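Let me begin by presenting the structure, written as structure tokens, before commenting on it.
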Amino acid sequence: MVKILKKELLVPNIHFMVLESDVIHLNAKAGEFVVVRADEKGERIPLNLVDWDEHSISVVFMEVGTSTRKLGCLQPGEMIADLAGPLGKPTEMVTDKRILALGGCYGIGALYPVLRAFKENGNTVITAIEARSSFLLYWQEKLKKYSDELFEITRDGTKGFVGHVDKFLNEYLTKTSVDMIYAQGCTYLTYLVSQTTKPMGIKTVVGLNPIMIDATGMCGVCRVIINGETKFACVDGPEFDGHAVDWENLLTRRHIYINEERQSLSFYECEKYG
Ligand SMILES: Cc1cc2nc3c(=O)[nH]c(=O)nc-3n(C[C@H](O)[C@H](O)[C@H](O)COP(=O)(O)OP(=O)(O)OC[C@H]3O[C@@H](n4cnc5c(N)ncnc54)[C@H](O)[C@@H]3O)c2cc1C
Ligand code: FES
């Protein structure tokens, strides 16, 4: 059992949660993730590490189905069933580069430790965060600490650049050159970023979020096709070259259990709220 030390609703549907840590914080590195189980009957879900200190680790999660809904209902002082990590390969570090980092939804939180590591390694970091509307953007001040410049992108034009990441990239990259793009967030965002930068030939690293079960390379559920080769996102990733990902395969596999996921959420809600 692991104690919840803090929980905060960052924006509608996206929570920040601090969890007690005995050892995970000792080995945590930017780009890694943890696996969380809300209760003893719950499924194991992967969540990026967004921060850590000498007694805790923290995550940012978006409520999408039963497991994230269960987590969203828990309060500081309550326990989750278990926590495993750090898992995955850390972000490959570069030095003295000009990096454009993009994040959307939970990926805004996931950017935080990666920006910090990029900055600490002497890179120039330009950050762009995107959401449907300005009320869904968060952590601007935290991200600015490790960014040379911070852009906000909203699809409804309520703040910053108007449009989606593809439009932003097309405009930004005609004026300024960068050595590398890094993107974190939902599959559509990482797909769009990769499709936009591919014809420009700019190195693009993306965090993928396929379905995972054991997260230790044993079950094969998280397999993704990278440059025609099968890789396991939990142990070979979760970050990959966005131009080498077979996106159609990833999007199809992510939706394989959609009917079961919907059923599970309606059972859970009936049980909880009657
Ligand atoms: C390495 C890795 C790191 C991740 N890090 C984070 C993180 O830091 N924060 C976070 O919120 N999520 C993260 N995810 C995604 C997260 O694991 C899933 O959102 C979670 O497992 C969903 O579980 P659920 O039971 O709530 O929803 P499910 O019942 O499994 O899914 C419900 C519905 O939501 C859809 N869905 C599931 N995940 C997403 C998603 N990410 N975006 C959009 N729709 C989705 C499903 O297709 C389904 O239709 C990460 C995934 C991986 C593989
Ligand atoms: S989740 Fe089982 S092999 Fe990656």
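By order in the structure tokens, chains are A, B, ...; within a chain, residues start at 1; ligands start at 1, following the order shown.
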
At a cut-off of 12 Å and counting only C-alpha atoms and all ligand atoms, what residues surround ligand 2? Please answer as a PDB file with N, CA and C atoms, in the first residue's frame.
```pdb
ATOM      1  N   VAL A  34       5.980   5.161 -14.026  1.00  0.00           N
ATOM      2  CA  VAL A  34       5.668   4.206 -12.955  1.00  0.00           C
ATOM      3  C   VAL A  34       4.387   3.472 -13.338  1.00  0.00           C
ATOM      4  N   VAL A  35       4.143   2.340 -12.687  1.00  0.00           N
ATOM      5  CA  VAL A  35       2.879   1.632 -12.874  1.00  0.00           C
ATOM      6  C   VAL A  35       2.133   1.693 -11.550  1.00  0.00           C
ATOM      7  N   ARG A  44      -3.283  -2.407 -13.772  1.00  0.00           N
ATOM      8  CA  ARG A  44      -2.018  -1.678 -13.636  1.00  0.00           C
ATOM      9  C   ARG A  44      -1.977  -0.634 -14.740  1.00  0.00           C
ATOM     10  N   ILE A  45      -1.816   0.637 -14.384  1.00  0.00           N
ATOM     11  CA  ILE A  45      -1.738   1.649 -15.445  1.00  0.00           C
ATOM     12  C   ILE A  45      -0.422   2.421 -15.384  1.00  0.00           C
ATOM     13  N   PRO A  46       0.181   2.631 -16.554  1.00  0.00           N
ATOM     14  CA  PRO A  46       1.434   3.391 -16.587  1.00  0.00           C
ATOM     15  C   PRO A  46       1.190   4.901 -16.568  1.00  0.00           C
ATOM     16  N   LEU A  87      10.268   2.774 -14.474  1.00  0.00           N
ATOM     17  CA  LEU A  87      10.260   1.848 -15.598  1.00  0.00           C
ATOM     18  C   LEU A  87      10.551   2.598 -16.897  1.00  0.00           C
ATOM     19  N   GLY A  88      10.953   1.827 -17.913  1.00  0.00           N
ATOM     20  CA  GLY A  88      11.242   2.415 -19.220  1.00  0.00           C
ATOM     21  C   GLY A  88      12.644   2.980 -19.285  1.00  0.00           C
ATOM     22  N   LEU A 208       5.425   7.451 -26.369  1.00  0.00           N
ATOM     23  CA  LEU A 208       4.243   6.693 -26.823  1.00  0.00           C
ATOM     24  C   LEU A 208       3.472   6.139 -25.623  1.00  0.00           C
ATOM     25  N   ASN A 209       2.161   5.927 -25.835  1.00  0.00           N
ATOM     26  CA  ASN A 209       1.354   5.391 -24.728  1.00  0.00           C
ATOM     27  C   ASN A 209       0.470   4.208 -25.144  1.00  0.00           C
ATOM     28  N   PRO A 210       1.105   3.123 -25.641  1.00  0.00           N
ATOM     29  CA  PRO A 210       0.295   1.945 -25.968  1.00  0.00           C
ATOM     30  C   PRO A 210      -0.240   1.289 -24.695  1.00  0.00           C
ATOM     31  N   ILE A 211      -1.190   0.380 -24.857  1.00  0.00           N
ATOM     32  CA  ILE A 211      -1.701  -0.362 -23.691  1.00  0.00           C
ATOM     33  C   ILE A 211      -0.553  -1.202 -23.130  1.00  0.00           C
ATOM     34  N   MET A 212      -0.426  -1.212 -21.809  1.00  0.00           N
ATOM     35  CA  MET A 212       0.618  -2.024 -21.160  1.00  0.00           C
ATOM     36  C   MET A 212      -0.014  -2.898 -20.098  1.00  0.00           C
ATOM     37  N   ILE A 213       0.585  -4.060 -19.846  1.00  0.00           N
ATOM     38  CA  ILE A 213       0.081  -4.894 -18.744  1.00  0.00           C
ATOM     39  C   ILE A 213       1.185  -5.072 -17.706  1.00  0.00           C
ATOM     40  N   ASP A 214       2.206  -5.861 -18.034  1.00  0.00           N
ATOM     41  CA  ASP A 214       3.221  -6.098 -16.993  1.00  0.00           C
ATOM     42  C   ASP A 214       4.261  -4.970 -16.934  1.00  0.00           C
ATOM     43  N   ALA A 215       4.463  -4.273 -18.064  1.00  0.00           N
ATOM     44  CA  ALA A 215       5.436  -3.175 -18.145  1.00  0.00           C
ATOM     45  C   ALA A 215       6.875  -3.613 -17.863  1.00  0.00           C
ATOM     46  N   THR A 216       7.141  -4.928 -18.041  1.00  0.00           N
ATOM     47  CA  THR A 216       8.516  -5.404 -17.830  1.00  0.00           C
ATOM     48  C   THR A 216       9.017  -6.217 -19.028  1.00  0.00           C
ATOM     49  N   GLY A 217       8.327  -6.138 -20.158  1.00  0.00           N
ATOM     50  CA  GLY A 217       8.807  -6.827 -21.361  1.00  0.00           C
ATOM     51  C   GLY A 217       8.407  -8.287 -21.452  1.00  0.00           C
ATOM     52  N   MET A 218       7.472  -8.749 -20.606  1.00  0.00           N
ATOM     53  CA  MET A 218       7.129 -10.179 -20.592  1.00  0.00           C
ATOM     54  C   MET A 218       5.851 -10.508 -21.366  1.00  0.00           C
ATOM     55  N   CYS A 219       4.880  -9.593 -21.418  1.00  0.00           N
ATOM     56  CA  CYS A 219       3.569  -9.963 -21.980  1.00  0.00           C
ATOM     57  C   CYS A 219       3.427  -9.628 -23.460  1.00  0.00           C
ATOM     58  N   GLY A 220       4.162  -8.684 -23.949  1.00  0.00           N
ATOM     59  CA  GLY A 220       4.117  -8.323 -25.370  1.00  0.00           C
ATOM     60  C   GLY A 220       2.964  -7.416 -25.762  1.00  0.00           C
ATOM     61  N   VAL A 221       2.132  -7.017 -24.810  1.00  0.00           N
ATOM     62  CA  VAL A 221       0.949  -6.217 -25.132  1.00  0.00           C
ATOM     63  C   VAL A 221       1.306  -4.823 -25.665  1.00  0.00           C
ATOM     64  N   CYS A 222       2.405  -4.284 -25.206  1.00  0.00           N
ATOM     65  CA  CYS A 222       2.751  -2.902 -25.574  1.00  0.00           C
ATOM     66  C   CYS A 222       3.529  -2.832 -26.878  1.00  0.00           C
ATOM     67  N   ARG A 223       3.498  -3.904 -27.697  1.00  0.00           N
ATOM     68  CA  ARG A 223       4.377  -3.897 -28.873  1.00  0.00           C
ATOM     69  C   ARG A 223       3.980  -2.800 -29.865  1.00  0.00           C
ATOM     70  N   VAL A 224       5.015  -2.177 -30.380  1.00  0.00           N
ATOM     71  CA  VAL A 224       4.857  -1.112 -31.365  1.00  0.00           C
ATOM     72  C   VAL A 224       5.827  -1.429 -32.503  1.00  0.00           C
ATOM     73  N   THR A 230       9.529  -4.964 -34.470  1.00  0.00           N
ATOM     74  CA  THR A 230       8.676  -4.951 -33.274  1.00  0.00           C
ATOM     75  C   THR A 230       9.511  -4.579 -32.052  1.00  0.00           C
ATOM     76  N   LYS A 231       9.003  -3.595 -31.311  1.00  0.00           N
ATOM     77  CA  LYS A 231       9.659  -3.184 -30.057  1.00  0.00           C
ATOM     78  C   LYS A 231       8.620  -3.199 -28.953  1.00  0.00           C
ATOM     79  N   PHE A 232       9.072  -3.361 -27.733  1.00  0.00           N
ATOM     80  CA  PHE A 232       8.173  -3.287 -26.579  1.00  0.00           C
ATOM     81  C   PHE A 232       8.347  -1.902 -25.955  1.00  0.00           C
ATOM     82  N   ALA A 233       7.255  -1.129 -25.962  1.00  0.00           N
ATOM     83  CA  ALA A 233       7.370   0.256 -25.475  1.00  0.00           C
ATOM     84  C   ALA A 233       7.811   0.318 -24.019  1.00  0.00           C
ATOM     85  N   CYS A 234       7.473  -0.700 -23.217  1.00  0.00           N
ATOM     86  CA  CYS A 234       7.798  -0.623 -21.783  1.00  0.00           C
ATOM     87  C   CYS A 234       9.292  -0.766 -21.504  1.00  0.00           C
ATOM     88  N   VAL A 235       9.984  -1.562 -22.309  1.00  0.00           N
ATOM     89  CA  VAL A 235      11.418  -1.741 -22.038  1.00  0.00           C
ATOM     90  C   VAL A 235      12.325  -1.115 -23.110  1.00  0.00           C
ATOM     91  N   ASP A 236      11.835  -1.036 -24.356  1.00  0.00           N
ATOM     92  CA  ASP A 236      12.636  -0.405 -25.421  1.00  0.00           C
ATOM     93  C   ASP A 236      12.337   1.093 -25.501  1.00  0.00           C
ATOM     94  N   GLY A 237      11.233   1.536 -24.911  1.00  0.00           N
ATOM     95  CA  GLY A 237      10.776   2.923 -24.960  1.00  0.00           C
ATOM     96  C   GLY A 237      10.568   3.422 -23.546  1.00  0.00           C
ATOM     97  N   PRO A 238       9.563   4.270 -23.301  1.00  0.00           N
ATOM     98  CA  PRO A 238       8.448   4.593 -24.200  1.00  0.00           C
ATOM     99  C   PRO A 238       8.750   5.677 -25.233  1.00  0.00           C
TER     100      PRO A 238
END
```

Write out as a PyMOL selection string the set of residues from stretch 38-259 of chain A that DSSP, computed on the backbone, places in helix (DSSP H, G or I). chain A and resi 66-73+106-120+134-136+140-144+165-175+187-197+233-236+247-254+258-259

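Distance annotation: of A:Val60, A:Leu173, A:Ala81, A:Leu136, the residue with the minimal separation from A:Glu8 is A:Val60; atom set is only C-alpha atoms.
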
Identify which of the residues A:Gly103, A:Gly185, A:Gly242, A:Gly157 lies closest to A:Leu47, counting only C-alpha atoms when measuring atom-to-atom distances.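 Result for the nearest residue to A:Leu47: A:Gly185.
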
Report as a ChimeraX atom specification: the residues of stretch 227-262 of chain A with a DSSP assignment of strand (DSSP E or B), based on the backbone of this structure. /A:229-232,239-241,245

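Look at stretch 64-69 of chain A: the protein and nucleic acid residues within 8 Å of it, using only C-alpha atoms and passing over chain neighbours fewer than 4 places away, are Arg37, Ala38, Gly42, Glu43, Ile45, Cys73, Glu261, Arg262, Ser264, Leu265 and Tyr268 of chain A.
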
Using N, CA and C atoms, can you write the selected residues to a file as a CSV table (one decimal), in the first residue's frame?
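Heads up, here's the output in again.csv:
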```
chain,number,residue,atom,x,y,z
A,37,ARG,N,-1.5,0.9,-9.3
A,37,ARG,CA,-2.8,0.2,-9.2
A,37,ARG,C,-3.6,0.8,-8.1
A,38,ALA,N,-4.8,1.4,-8.5
A,38,ALA,CA,-5.5,2.2,-7.5
A,38,ALA,C,-6.0,1.3,-6.4
A,42,GLY,N,-7.9,-3.4,-9.1
A,42,GLY,CA,-7.6,-2.5,-10.2
A,42,GLY,C,-6.6,-3.0,-11.2
A,43,GLU,N,-6.6,-2.4,-12.4
A,43,GLU,CA,-5.6,-2.8,-13.4
A,43,GLU,C,-4.4,-1.9,-13.2
A,45,ILE,N,-1.8,0.6,-14.4
A,45,ILE,CA,-1.7,1.6,-15.4
A,45,ILE,C,-0.4,2.4,-15.4
A,73,CYS,N,-10.8,9.7,-7.6
A,73,CYS,CA,-11.7,9.8,-6.5
A,73,CYS,C,-10.9,9.7,-5.1
A,261,GLU,N,-13.6,-1.4,-22.2
A,261,GLU,CA,-13.3,-0.2,-21.4
A,261,GLU,C,-14.5,0.5,-21.1
A,262,ARG,N,-15.4,0.7,-22.1
A,262,ARG,CA,-16.7,1.4,-21.9
A,262,ARG,C,-17.5,0.7,-20.9
A,264,SER,N,-16.6,-1.5,-18.6
A,264,SER,CA,-16.0,-1.4,-17.3
A,264,SER,C,-16.3,-0.1,-16.6
A,265,LEU,N,-16.3,1.0,-17.3
A,265,LEU,CA,-16.6,2.3,-16.8
A,265,LEU,C,-18.0,2.4,-16.3
A,268,TYR,N,-18.5,0.3,-13.2
A,268,TYR,CA,-17.9,1.0,-12.0
A,268,TYR,C,-18.8,2.2,-11.6
```

Quick one: residues within 9 Å of A:Met93, only C-alpha atoms, excluding same-chain residues fewer than 6 positions away - as JSON, numbers by chain? {"A": [117, 118, 121]}

Could you save the residues just selected, with C-alpha atoms, as a CSV table (one decimal), in the first residue's frame?
```
chain,number,residue,atom,x,y,z
A,117,ALA,CA,17.2,17.5,-17.7
A,118,PHE,CA,17.6,19.2,-21.1
A,121,ASN,CA,22.6,19.5,-19.8
```

Report the distance between atom 40 (C, counted along the ligand's line) of ligand 1 and atom CA of A:Glu78 in Å, rounded to one decimal place. 24.9 Å

Counting only C-alpha atoms, which of A:Leu137, A:Leu9, A:Ala244, A:Ile24 gets nearest to A:Gly107? A:Leu137

Can you tell me which residues surround A:Val11 at a distance of at most 12 Å, considering only C-alpha atoms, apart from same-chain residues fewer than 5 positions away, and format the answer as a PyMOL selection string? chain A and resi 16+60-63+105-106+108-109+131+133-139

Would you mind reading off the distance between atom CA of A:Asn227 and atom CA of A:Val245, one decimal, in Å?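 Spanning atom CA of A:Asn227 to atom CA of A:Val245 is a straight-line distance of 6.5 Å.
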
All residues 12 Å or closer to stretch 94-101 of chain A, only C-alpha atoms, same chain fewer than 2 positions away omitted, as a count of residues only: 59

What is the distance between atom CA of A:Val36 and atom CA of A:Leu74, in Å to one decimal?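 Interatomic distance here is 13.0 Å.
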